[in-house]
file coords_8.tsv (TSV, C-alpha atoms)
chain	number	residue	atom	x	y	z
A	2	MET	CA	91.40	135.26	116.83
A	3	THR	CA	90.83	138.42	114.85
A	4	GLU	CA	93.31	138.33	111.97
A	5	SER	CA	92.11	137.56	108.46
A	6	ILE	CA	92.58	133.99	107.27
A	7	GLY	CA	92.36	132.61	103.75
A	8	ARG	CA	92.65	133.92	100.19
A	9	VAL	CA	90.57	136.54	98.39
A	10	LEU	CA	88.50	134.66	95.82
A	11	PRO	CA	87.02	135.95	92.58
A	12	GLU	CA	83.29	136.40	92.23
A	13	ARG	CA	81.44	133.09	92.52
A	14	GLU	CA	81.00	130.93	89.44
A	15	THR	CA	78.74	127.95	88.90
A	16	PRO	CA	79.80	125.27	91.45
A	17	ALA	CA	82.30	122.72	90.19
A	18	MET	CA	80.45	120.18	92.36
A	19	SER	CA	77.11	120.57	94.08
A	20	ILE	CA	75.93	118.03	96.67
A	21	ARG	CA	72.25	118.32	97.55
A	22	GLY	CA	70.38	116.41	100.26
A	23	LEU	CA	72.72	113.41	100.13
A	24	THR	CA	71.66	110.67	102.54
A	25	THR	CA	73.56	107.40	102.98
A	26	GLU	CA	72.54	104.59	105.32
A	27	PHE	CA	74.24	101.38	106.44
A	28	VAL	CA	72.25	98.30	107.36
A	29	THR	CA	73.98	96.53	110.25
A	30	ALA	CA	73.15	93.87	112.81
A	31	ALA	CA	72.66	96.68	115.34
A	32	GLY	CA	70.17	98.45	113.08
A	33	THR	CA	70.17	101.00	110.30
A	34	LEU	CA	72.50	103.92	110.80
A	35	ARG	CA	72.46	107.12	108.79
A	36	ALA	CA	76.11	108.04	108.15
A	37	ALA	CA	75.32	111.03	105.92
A	38	ASP	CA	72.05	112.76	106.73
A	39	ASP	CA	70.67	115.28	104.21
A	40	VAL	CA	74.13	116.71	103.47
A	41	SER	CA	74.34	119.71	101.14
A	42	TYR	CA	77.30	121.85	100.10
A	43	ASP	CA	78.94	123.34	97.00
A	44	VAL	CA	82.56	123.80	96.00
A	45	HIS	CA	83.50	126.41	93.40
A	46	PRO	CA	86.33	126.56	90.83
A	47	GLY	CA	89.65	127.53	92.38
A	48	GLU	CA	88.27	127.24	95.91
A	49	VAL	CA	89.46	125.04	98.76
A	50	LEU	CA	86.49	123.77	100.80
A	51	GLY	CA	87.46	122.22	104.12
A	52	VAL	CA	85.21	119.57	105.64
A	53	VAL	CA	85.91	118.98	109.33
A	54	GLY	CA	84.51	116.92	112.20
A	55	GLU	CA	85.32	114.06	114.53
A	56	SER	CA	85.75	110.51	113.26
A	57	GLY	CA	82.35	109.16	112.26
A	58	SER	CA	80.88	112.58	111.47
A	59	GLY	CA	80.20	111.63	107.84
A	60	LYS	CA	83.00	113.58	106.12
A	61	SER	CA	84.40	110.72	104.04
A	62	VAL	CA	81.13	108.81	103.61
A	63	THR	CA	79.63	111.85	101.89
A	64	VAL	CA	82.28	112.13	99.18
A	65	LEU	CA	82.67	108.36	98.75
A	66	SER	CA	78.91	108.15	98.22
A	67	ALA	CA	79.05	111.07	95.80
A	68	LEU	CA	81.72	109.33	93.71
A	69	GLY	CA	80.07	105.90	93.75
A	70	LEU	CA	82.89	104.42	95.85
A	71	ILE	CA	80.77	103.35	98.81
A	72	PRO	CA	80.05	99.58	98.87
A	73	GLN	CA	76.35	98.89	98.18
A	74	PRO	CA	75.42	96.81	100.19
A	75	PRO	CA	75.87	97.29	103.12
A	76	ALA	CA	75.45	100.97	102.25
A	77	ARG	CA	72.52	102.45	100.39
A	78	ILE	CA	72.05	105.98	99.09
A	79	THR	CA	68.45	106.86	99.82
A	80	ALA	CA	68.26	110.49	98.68
A	81	GLY	CA	70.12	113.36	97.09
A	82	GLU	CA	71.95	114.42	93.96
A	83	VAL	CA	75.55	115.23	93.08
A	84	ILE	CA	75.89	117.62	90.15
A	85	VAL	CA	79.16	117.84	88.18
A	86	ASP	CA	79.25	119.32	84.66
A	87	GLY	CA	75.46	119.39	84.64
A	88	LYS	CA	75.15	115.64	85.34
A	89	ASP	CA	73.87	113.91	88.46
A	90	LEU	CA	76.58	111.40	89.36
A	91	LEU	CA	74.12	109.32	91.39
A	92	THR	CA	72.14	108.48	88.25
A	93	LEU	CA	75.04	107.76	85.89
A	94	PRO	CA	75.70	104.19	84.70
A	95	LYS	CA	78.89	102.69	86.13
A	96	LYS	CA	80.70	103.02	82.80
A	97	GLU	CA	79.95	106.75	82.62
A	98	LEU	CA	80.85	107.26	86.27
A	99	ARG	CA	84.27	105.68	85.67
A	100	LYS	CA	84.90	108.35	83.02
A	101	VAL	CA	84.20	111.05	85.59
A	102	ARG	CA	86.46	109.52	88.26
A	103	GLY	CA	90.03	110.24	87.26
A	104	GLY	CA	88.77	112.63	84.58
A	105	SER	CA	86.64	115.48	85.90
A	106	ILE	CA	87.29	114.41	89.50
A	107	GLY	CA	90.65	113.41	90.99
A	108	MET	CA	90.81	111.58	94.33
A	109	ILE	CA	93.66	111.58	96.84
A	110	PHE	CA	93.21	108.94	99.52
A	111	GLN	CA	94.52	108.87	103.08
A	112	ASP	CA	96.82	105.85	102.70
A	113	PRO	CA	98.71	105.83	99.38
A	114	MET	CA	100.20	102.39	100.03
A	115	ALA	CA	96.69	100.93	100.14
A	116	SER	CA	95.67	102.85	97.01
A	117	LEU	CA	98.65	102.22	94.74
A	118	ASN	CA	98.98	98.80	93.06
A	119	PRO	CA	102.10	97.16	94.57
A	120	VAL	CA	102.85	95.03	91.47
A	121	LEU	CA	102.80	97.90	88.94
A	122	THR	CA	105.43	100.60	88.67
A	123	VAL	CA	104.44	104.13	89.59
A	124	GLY	CA	104.92	105.10	85.95
A	125	GLN	CA	102.56	102.37	84.75
A	126	GLN	CA	99.87	103.59	87.13
A	127	ILE	CA	100.13	107.22	86.03
A	128	ILE	CA	100.22	106.23	82.34
A	129	GLU	CA	97.22	103.94	82.85
A	130	THR	CA	95.26	106.87	84.31
A	131	ILE	CA	96.13	109.09	81.35
A	132	ALA	CA	95.33	106.37	78.79
A	133	ALA	CA	91.97	105.52	80.38
A	134	HIS	CA	90.68	109.03	79.71
A	135	ASN	CA	92.74	109.92	76.63
A	136	PRO	CA	92.96	106.72	74.56
A	137	SER	CA	94.29	108.56	71.50
A	138	THR	CA	97.40	109.73	73.36
A	139	SER	CA	100.49	107.75	72.38
A	140	ARG	CA	102.40	105.79	74.99
A	141	LYS	CA	105.45	107.99	74.43
A	142	ALA	CA	103.42	111.13	75.07
A	143	SER	CA	101.76	109.55	78.12
A	144	ARG	CA	105.15	108.61	79.55
A	145	ALA	CA	106.45	112.14	79.01
A	146	ARG	CA	103.32	113.52	80.69
A	147	ALA	CA	103.83	111.11	83.63
A	148	ALA	CA	107.41	112.31	84.10
A	149	ASP	CA	106.25	115.94	83.95
A	150	LEU	CA	103.62	115.21	86.61
A	151	LEU	CA	106.15	113.65	88.96
A	152	ALA	CA	108.41	116.66	88.45
A	153	LEU	CA	105.49	119.00	89.18
A	154	VAL	CA	104.77	117.30	92.52
A	155	GLY	CA	108.44	117.44	93.50
A	156	VAL	CA	109.63	113.87	92.92
A	157	PRO	CA	113.37	114.01	92.07
A	158	ASP	CA	114.71	112.21	88.99
A	159	PRO	CA	111.18	111.69	87.66
A	160	LYS	CA	112.16	109.69	84.56
A	161	ASP	CA	114.02	107.16	86.69
A	162	ARG	CA	111.29	107.11	89.35
A	163	LEU	CA	108.72	106.07	86.75
A	164	ARG	CA	110.35	102.63	86.71
A	165	GLN	CA	110.15	102.16	90.46
A	166	TYR	CA	107.44	100.37	92.46
A	167	PRO	CA	105.44	101.97	95.31
A	168	HIS	CA	107.47	100.16	98.00
A	169	GLU	CA	110.58	101.93	96.68
A	170	PHE	CA	109.01	105.32	97.45
A	171	SER	CA	108.91	106.87	100.93
A	172	GLY	CA	105.50	107.66	102.46
A	173	GLY	CA	105.72	111.30	101.38
A	174	MET	CA	106.81	110.34	97.86
A	175	ARG	CA	103.93	107.87	97.57
A	176	GLN	CA	101.49	110.62	98.48
A	177	ARG	CA	103.11	112.86	95.86
A	178	ALA	CA	102.60	110.08	93.31
A	179	MET	CA	98.93	109.87	94.34
A	180	ILE	CA	98.58	113.61	93.77
A	181	ALA	CA	100.20	113.22	90.35
A	182	ILE	CA	97.65	110.53	89.46
A	183	ALA	CA	94.78	112.69	90.76
A	184	ILE	CA	95.71	115.68	88.58
A	185	ALA	CA	96.86	113.70	85.53
A	186	ASN	CA	93.83	114.61	83.42
A	187	GLY	CA	93.30	118.19	84.58
A	188	PRO	CA	90.27	117.57	86.85
A	189	SER	CA	87.76	120.27	87.71
A	190	VAL	CA	87.46	118.86	91.26
A	191	ILE	CA	90.14	117.37	93.53
A	192	VAL	CA	88.98	115.44	96.59
A	193	ALA	CA	91.69	115.03	99.24
A	194	ASP	CA	90.60	112.70	102.05
A	195	GLU	CA	92.91	113.17	105.06
A	196	PRO	CA	95.91	113.47	102.69
A	197	THR	CA	98.53	114.05	105.41
A	198	THR	CA	97.31	111.90	108.31
A	199	ALA	CA	99.81	109.05	107.78
A	200	LEU	CA	102.80	111.41	107.39
A	201	ASP	CA	105.14	113.02	109.89
A	202	VAL	CA	104.90	116.77	110.42
A	203	THR	CA	107.80	117.77	108.15
A	204	ILE	CA	106.52	115.67	105.25
A	205	GLN	CA	102.97	116.95	105.86
A	206	ALA	CA	104.11	120.50	105.15
A	207	GLN	CA	105.83	119.42	101.93
A	208	VAL	CA	102.76	117.51	100.72
A	209	LEU	CA	100.50	120.50	101.47
A	210	ASP	CA	102.78	122.69	99.37
A	211	VAL	CA	102.50	120.15	96.56
A	212	LEU	CA	98.71	120.07	96.90
A	213	GLU	CA	98.55	123.86	96.66
A	214	THR	CA	100.85	123.84	93.60
A	215	SER	CA	98.62	121.20	91.99
A	216	ARG	CA	95.49	123.23	92.69
A	217	LYS	CA	97.04	126.26	91.02
A	218	GLU	CA	98.20	124.14	88.07
A	219	THR	CA	94.73	122.72	87.38
A	220	GLY	CA	92.54	125.59	88.66
A	221	ALA	CA	90.44	122.86	90.27
A	222	ALA	CA	88.00	123.14	93.12
A	223	THR	CA	89.38	121.22	96.10
A	224	ILE	CA	87.46	119.40	98.82
A	225	LEU	CA	89.85	118.92	101.75
A	226	ILE	CA	88.55	116.42	104.31
A	227	THR	CA	90.32	116.58	107.65
A	228	HIS	CA	90.06	116.67	111.42
A	229	ASP	CA	93.03	119.07	111.59
A	230	LEU	CA	91.82	122.62	112.30
A	231	GLY	CA	95.32	124.04	111.82
A	232	LEU	CA	95.37	122.58	108.32
A	233	LEU	CA	92.04	124.27	107.54
A	234	ALA	CA	93.30	127.64	108.76
A	235	GLN	CA	96.26	127.29	106.42
A	236	MET	CA	94.56	125.88	103.33
A	237	ALA	CA	90.79	126.44	103.25
A	238	ASP	CA	88.67	129.28	101.89
A	239	ARG	CA	85.36	127.99	103.24
A	240	VAL	CA	84.58	125.36	105.87
A	241	VAL	CA	81.81	122.81	106.40
A	242	VAL	CA	81.54	121.49	109.97
A	243	MET	CA	79.88	118.06	110.32
A	244	TYR	CA	78.57	116.22	113.36
A	245	ALA	CA	76.80	112.85	113.49
A	246	GLY	CA	76.31	112.77	109.72
A	247	ARG	CA	74.86	116.29	109.54
A	248	VAL	CA	76.16	119.70	108.51
A	249	VAL	CA	76.00	121.93	111.60
A	250	GLU	CA	77.83	125.04	110.39
A	251	THR	CA	79.22	126.48	107.15
A	252	GLY	CA	81.06	129.70	106.45
A	253	THR	CA	84.28	131.28	105.27
A	254	VAL	CA	87.42	130.28	107.12
A	255	ASP	CA	87.42	133.75	108.75
A	256	GLU	CA	83.85	133.29	109.98
A	257	ILE	CA	84.45	129.80	111.33
A	258	PHE	CA	87.66	130.66	113.18
A	259	ASN	CA	86.86	134.22	114.27
A	260	ALA	CA	83.07	134.11	114.72
A	261	PRO	CA	81.89	130.50	115.17
A	262	ARG	CA	78.13	130.19	115.58
A	263	HIS	CA	77.59	126.59	116.63
A	264	PRO	CA	78.53	125.17	120.07
A	265	TYR	CA	80.21	122.16	118.43
A	266	THR	CA	82.48	124.42	116.36
A	267	VAL	CA	83.26	126.41	119.50
A	268	GLY	CA	84.17	123.15	121.25
A	269	LEU	CA	86.50	122.11	118.45
A	270	LEU	CA	88.26	125.48	118.43
A	271	GLY	CA	88.46	125.56	122.23
A	272	SER	CA	90.39	122.30	122.22
A	273	LEU	CA	92.97	123.69	119.77
A	274	PRO	CA	96.29	124.78	121.34
A	275	THR	CA	97.64	128.19	120.33
A	276	ILE	CA	101.05	129.85	120.57
A	277	ASP	CA	99.64	133.16	121.79
A	278	GLY	CA	97.22	134.25	124.50
A	279	ASP	CA	97.21	133.36	128.19
A	280	ILE	CA	95.09	130.19	128.11
A	281	THR	CA	96.61	127.71	130.56
A	282	ARG	CA	94.09	124.90	130.14
A	283	LEU	CA	92.39	123.66	126.98
A	284	SER	CA	88.65	123.13	127.09
A	285	SER	CA	87.09	119.89	125.91
A	286	ILE	CA	83.76	118.62	124.61
A	287	GLN	CA	82.16	116.40	127.21
A	288	GLY	CA	80.99	112.89	126.33
A	289	SER	CA	81.48	111.00	123.07
A	290	PRO	CA	79.97	111.14	119.58
A	291	PRO	CA	76.62	109.30	119.48
A	292	ASN	CA	75.89	105.89	118.06
A	293	LEU	CA	74.54	106.67	114.59
A	294	SER	CA	71.97	103.90	114.84
A	295	GLN	CA	70.58	105.45	118.04
A	296	LEU	CA	70.86	109.20	117.52
A	297	PRO	CA	69.43	111.49	120.20
A	298	SER	CA	66.16	113.19	119.32
A	299	GLY	CA	66.21	116.84	118.32
A	300	CYS	CA	69.72	118.26	117.97
A	301	ALA	CA	72.16	115.33	117.81
A	302	PHE	CA	74.72	117.40	119.74
A	303	HIS	CA	72.46	118.33	122.65
A	304	PRO	CA	73.67	115.65	125.14
A	305	ARG	CA	77.21	117.10	124.87
A	306	CYS	CA	76.31	120.77	124.47
A	307	ALA	CA	77.49	123.20	127.15
A	308	LEU	CA	75.26	125.95	125.77
A	309	GLY	CA	71.88	124.22	125.42
A	310	HIS	CA	71.79	122.88	128.99
A	311	ASP	CA	69.31	120.24	127.80
A	312	ARG	CA	66.63	122.82	126.99
A	313	PRO	CA	63.38	121.38	125.57
A	314	ALA	CA	63.87	122.70	122.03
A	315	CYS	CA	67.29	121.05	121.85
A	316	ARG	CA	65.84	117.70	122.98
A	317	THR	CA	62.81	117.64	120.71
A	318	ASP	CA	63.38	119.74	117.57
A	319	ARG	CA	66.09	119.19	114.97
A	320	PRO	CA	67.49	122.65	114.10
A	321	ALA	CA	67.73	123.66	110.45
A	322	LEU	CA	70.72	125.45	108.95
A	323	MET	CA	69.86	129.11	109.40
A	324	SER	CA	71.44	131.89	107.32
A	325	MET	CA	73.28	134.74	109.00
A	326	GLU	CA	75.51	137.28	107.29
A	327	GLY	CA	76.74	136.29	103.84
A	328	ASP	CA	77.05	132.53	103.40
A	329	HIS	CA	77.47	131.85	107.12
A	330	ARG	CA	74.95	129.25	108.36
A	331	SER	CA	74.43	127.46	111.65
A	332	ALA	CA	72.10	124.71	112.86
A	333	CYS	CA	71.55	125.88	116.44
A	334	HIS	CA	68.33	126.93	118.17
A	335	TYR	CA	70.23	129.47	120.26
A	336	VAL	CA	72.62	130.84	117.66
A	337	ASP	CA	72.32	134.36	119.11
A	338	GLU	CA	73.89	133.09	122.35
A	339	VAL	CA	76.87	131.34	120.76
A	340	ALA	CA	79.10	134.42	120.52
A	341	GLY	CA	78.90	134.99	124.28
A	342	PHE	CA	79.45	131.31	124.94
A	343	ALA	CA	82.52	131.33	122.67
A	344	SER	CA	84.09	134.17	124.63
A	345	THR	CA	83.81	132.20	127.88
A	346	VAL	CA	86.07	129.48	126.48
A	347	GLY	CA	88.53	131.90	124.85
A	348	VAL	CA	87.30	131.40	121.29
A	349	ALA	CA	86.64	134.41	118.99
call {"tool": "encode", "arguments": {"input": "coords_8.tsv", "output": "structure tokens"}}
result
Amino acid sequence: MTESIGRVLPERETPAMSIRGLTTEFVTAAGTLRAADDVSYDVHPGEVLGVVGESGSGKSVTVLSALGLIPQPPARITAGEVIVDGKDLLTLPKKELRKVRGGSIGMIFQDPMASLNPVLTVGQQIIETIAAHNPSTSRKASRARAADLLALVGVPDPKDRLRQYPHEFSGGMRQRAMIAIAIANGPSVIVADEPTTALDVTIQAQVLDVLETSRKETGAATILITHDLGLLAQMADRVVVMYAGRVVETGTVDEIFNAPRHPYTVGLLGSLPTIDGDITRLSSIQGSPPNLSQLPSGCAFHPRCALGHDRPACRTDRPALMSMEGDHRSACHYVDEVAGFASTVGVA
């Protein structure tokens, strides 16, 4: 891969959301597991930040913890801060945090049927979101705004659709309604957690177009959580790669796809089918993700790593995120060897 991917962004502004050293643990019968381990990343206004990794890598736990949506107990946030509009969300009282959710931050969940209230009309749920953050807005104005939002996200006959219940919407239409709710109050941050996973391919493309339209409408920073590398190539400006609750690589979408510098990222890209090139067999990452309550010492990826070959440093020392060119960072002891390793599996 050598072609440029992603949009040209304006000069960096103050982050719309800044996550610093966020650590979340779960206390279970099998022991305490650290689902998010010292996670740090920023997302800037107008930017799409993709967060990728296998199931259990900590992608969703990080943002759910940041927004106060993780159940405590069994979870507990033991460290970190989440800065939005100069406030640390982790220290806000619940009442204040509710003003942020749905106001400054809009959330799009993976399964809209589980997120929408089945006994309220779609219109009631959008109007309720508007009223909760703008109590002085009249019901007539809120209803007009709700219809405009449905029209914006591509729902036909929006005024009539306001009176319908979630079960009367198709899966794609329900996700559009969720996007309308998320952007109802002009958020500065949109969090989309696997927004297309439950949809077929054709509807996925339509929903992604809606998400992009919504981002442009609000000018919001977007955190796109996914395991779909093709989706990241299409939508993201920067990428955070997570493994076993830790950030292992960050960079622009060009850097991640064209010059990956962590063996795990190389493994993910090597397992991605392409329509060009002469690769006849996809590579795979050996083994399985580790049990988070019994993480390997040193680099958590070392038992599966085809580059480290179980070298002592990999087994004993946890690598820190090291800066390379620009904002590109990798947590690998042998980062200088990754480029050569990537070429052997047809990546970069």
call {"tool": "closest_residue", "arguments": {"input": "coords_8.tsv", "among": "A:Gly47, A:Pro313, A:Gly59, A:Leu200", "to": "Thr223 (chain A)", "atoms": "only C-alpha atoms"}}
result
A:Gly47
call {"tool": "residues_around", "arguments": {"input": "coords_8.tsv", "residues": "region 37-39 of chain A", "least_positions_apart": "5", "cutoff": "7 Å", "atoms": "all atoms listed in the file", "output": "ChimeraX atom specification"}}
result
/A:22-25,59,62-63,246-247
call {"tool": "residues_around", "arguments": {"input": "coords_8.tsv", "residues": "Pro167 (chain A)", "least_positions_apart": "5", "cutoff": "7 Å", "atoms": "all atoms listed in the file", "output": "ChimeraX atom specification"}}
result
/A:117,119,122-123,175
call {"tool": "closest_residue", "arguments": {"input": "coords_8.tsv", "among": "A:Val249, A:Leu293, A:Ile182, A:Leu98", "to": "Ile127 (chain A)", "atoms": "all atoms listed in the file"}}
result
A:Ile182
call {"tool": "atom_distance", "arguments": {"input": "coords_8.tsv", "atom1": "CA of Val190 (chain A)", "atom2": "CA of Asp112 (chain A)"}}
result
19.7 Å
call {"tool": "closest_residue", "arguments": {"input": "coords_8.tsv", "among": "A:Arg330, A:Arg262, A:Arg35, A:Arg216", "to": "Ala343 (chain A)", "atoms": "all atoms listed in the file"}}
result
A:Arg262
call {"tool": "decode", "arguments": {"input": "coords_8.tsv", "residues": "region 50-62 of chain A", "atoms": "N, CA, C and O atoms", "output": "PDB file, in the first residue's frame"}}
result
ATOM      1  N   LEU A  50     -11.139   9.777  14.579  1.00  0.00           N
ATOM      2  CA  LEU A  50     -10.122   8.928  15.196  1.00  0.00           C
ATOM      3  C   LEU A  50     -10.651   7.499  15.241  1.00  0.00           C
ATOM      4  O   LEU A  50     -11.666   7.224  15.887  1.00  0.00           O
ATOM      5  N   GLY A  51      -9.986   6.599  14.549  1.00  0.00           N
ATOM      6  CA  GLY A  51     -10.383   5.199  14.573  1.00  0.00           C
ATOM      7  C   GLY A  51      -9.675   4.449  15.685  1.00  0.00           C
ATOM      8  O   GLY A  51      -8.466   4.621  15.866  1.00  0.00           O
ATOM      9  N   VAL A  52     -10.411   3.644  16.424  1.00  0.00           N
ATOM     10  CA  VAL A  52      -9.832   2.802  17.472  1.00  0.00           C
ATOM     11  C   VAL A  52     -10.102   1.356  17.078  1.00  0.00           C
ATOM     12  O   VAL A  52     -11.263   0.948  16.945  1.00  0.00           O
ATOM     13  N   VAL A  53      -9.034   0.575  16.890  1.00  0.00           N
ATOM     14  CA  VAL A  53      -9.176  -0.762  16.332  1.00  0.00           C
ATOM     15  C   VAL A  53      -8.451  -1.782  17.199  1.00  0.00           C
ATOM     16  O   VAL A  53      -7.480  -1.458  17.896  1.00  0.00           O
ATOM     17  N   GLY A  54      -8.918  -3.025  17.135  1.00  0.00           N
ATOM     18  CA  GLY A  54      -8.306  -4.127  17.869  1.00  0.00           C
ATOM     19  C   GLY A  54      -9.284  -5.285  17.923  1.00  0.00           C
ATOM     20  O   GLY A  54     -10.464  -5.134  17.616  1.00  0.00           O
ATOM     21  N   GLU A  55      -8.786  -6.444  18.316  1.00  0.00           N
ATOM     22  CA  GLU A  55      -9.652  -7.611  18.454  1.00  0.00           C
ATOM     23  C   GLU A  55     -10.654  -7.411  19.586  1.00  0.00           C
ATOM     24  O   GLU A  55     -10.518  -6.513  20.416  1.00  0.00           O
ATOM     25  N   SER A  56     -11.667  -8.276  19.630  1.00  0.00           N
ATOM     26  CA  SER A  56     -12.614  -8.241  20.736  1.00  0.00           C
ATOM     27  C   SER A  56     -11.858  -8.426  22.050  1.00  0.00           C
ATOM     28  O   SER A  56     -10.970  -9.283  22.154  1.00  0.00           O
ATOM     29  N   GLY A  57     -12.192  -7.613  23.047  1.00  0.00           N
ATOM     30  CA  GLY A  57     -11.518  -7.704  24.335  1.00  0.00           C
ATOM     31  C   GLY A  57     -10.258  -6.867  24.435  1.00  0.00           C
ATOM     32  O   GLY A  57      -9.554  -6.928  25.441  1.00  0.00           O
ATOM     33  N   SER A  58      -9.985  -6.048  23.416  1.00  0.00           N
ATOM     34  CA  SER A  58      -8.761  -5.241  23.445  1.00  0.00           C
ATOM     35  C   SER A  58      -8.904  -3.976  24.278  1.00  0.00           C
ATOM     36  O   SER A  58      -7.911  -3.298  24.543  1.00  0.00           O
ATOM     37  N   GLY A  59     -10.131  -3.638  24.685  1.00  0.00           N
ATOM     38  CA  GLY A  59     -10.336  -2.467  25.525  1.00  0.00           C
ATOM     39  C   GLY A  59     -10.901  -1.264  24.804  1.00  0.00           C
ATOM     40  O   GLY A  59     -11.014  -0.183  25.389  1.00  0.00           O
ATOM     41  N   LYS A  60     -11.281  -1.415  23.532  1.00  0.00           N
ATOM     42  CA  LYS A  60     -11.770  -0.291  22.730  1.00  0.00           C
ATOM     43  C   LYS A  60     -13.015   0.343  23.359  1.00  0.00           C
ATOM     44  O   LYS A  60     -13.061   1.546  23.626  1.00  0.00           O
ATOM     45  N   SER A  61     -14.031  -0.479  23.585  1.00  0.00           N
ATOM     46  CA  SER A  61     -15.304   0.033  24.097  1.00  0.00           C
ATOM     47  C   SER A  61     -15.228   0.356  25.584  1.00  0.00           C
ATOM     48  O   SER A  61     -15.814   1.348  26.041  1.00  0.00           O
ATOM     49  N   VAL A  62     -14.515  -0.460  26.343  1.00  0.00           N
ATOM     50  CA  VAL A  62     -14.397  -0.214  27.791  1.00  0.00           C
ATOM     51  C   VAL A  62     -13.807   1.166  28.051  1.00  0.00           C
ATOM     52  O   VAL A  62     -14.240   1.874  28.972  1.00  0.00           O
TER      53      VAL A  62
END
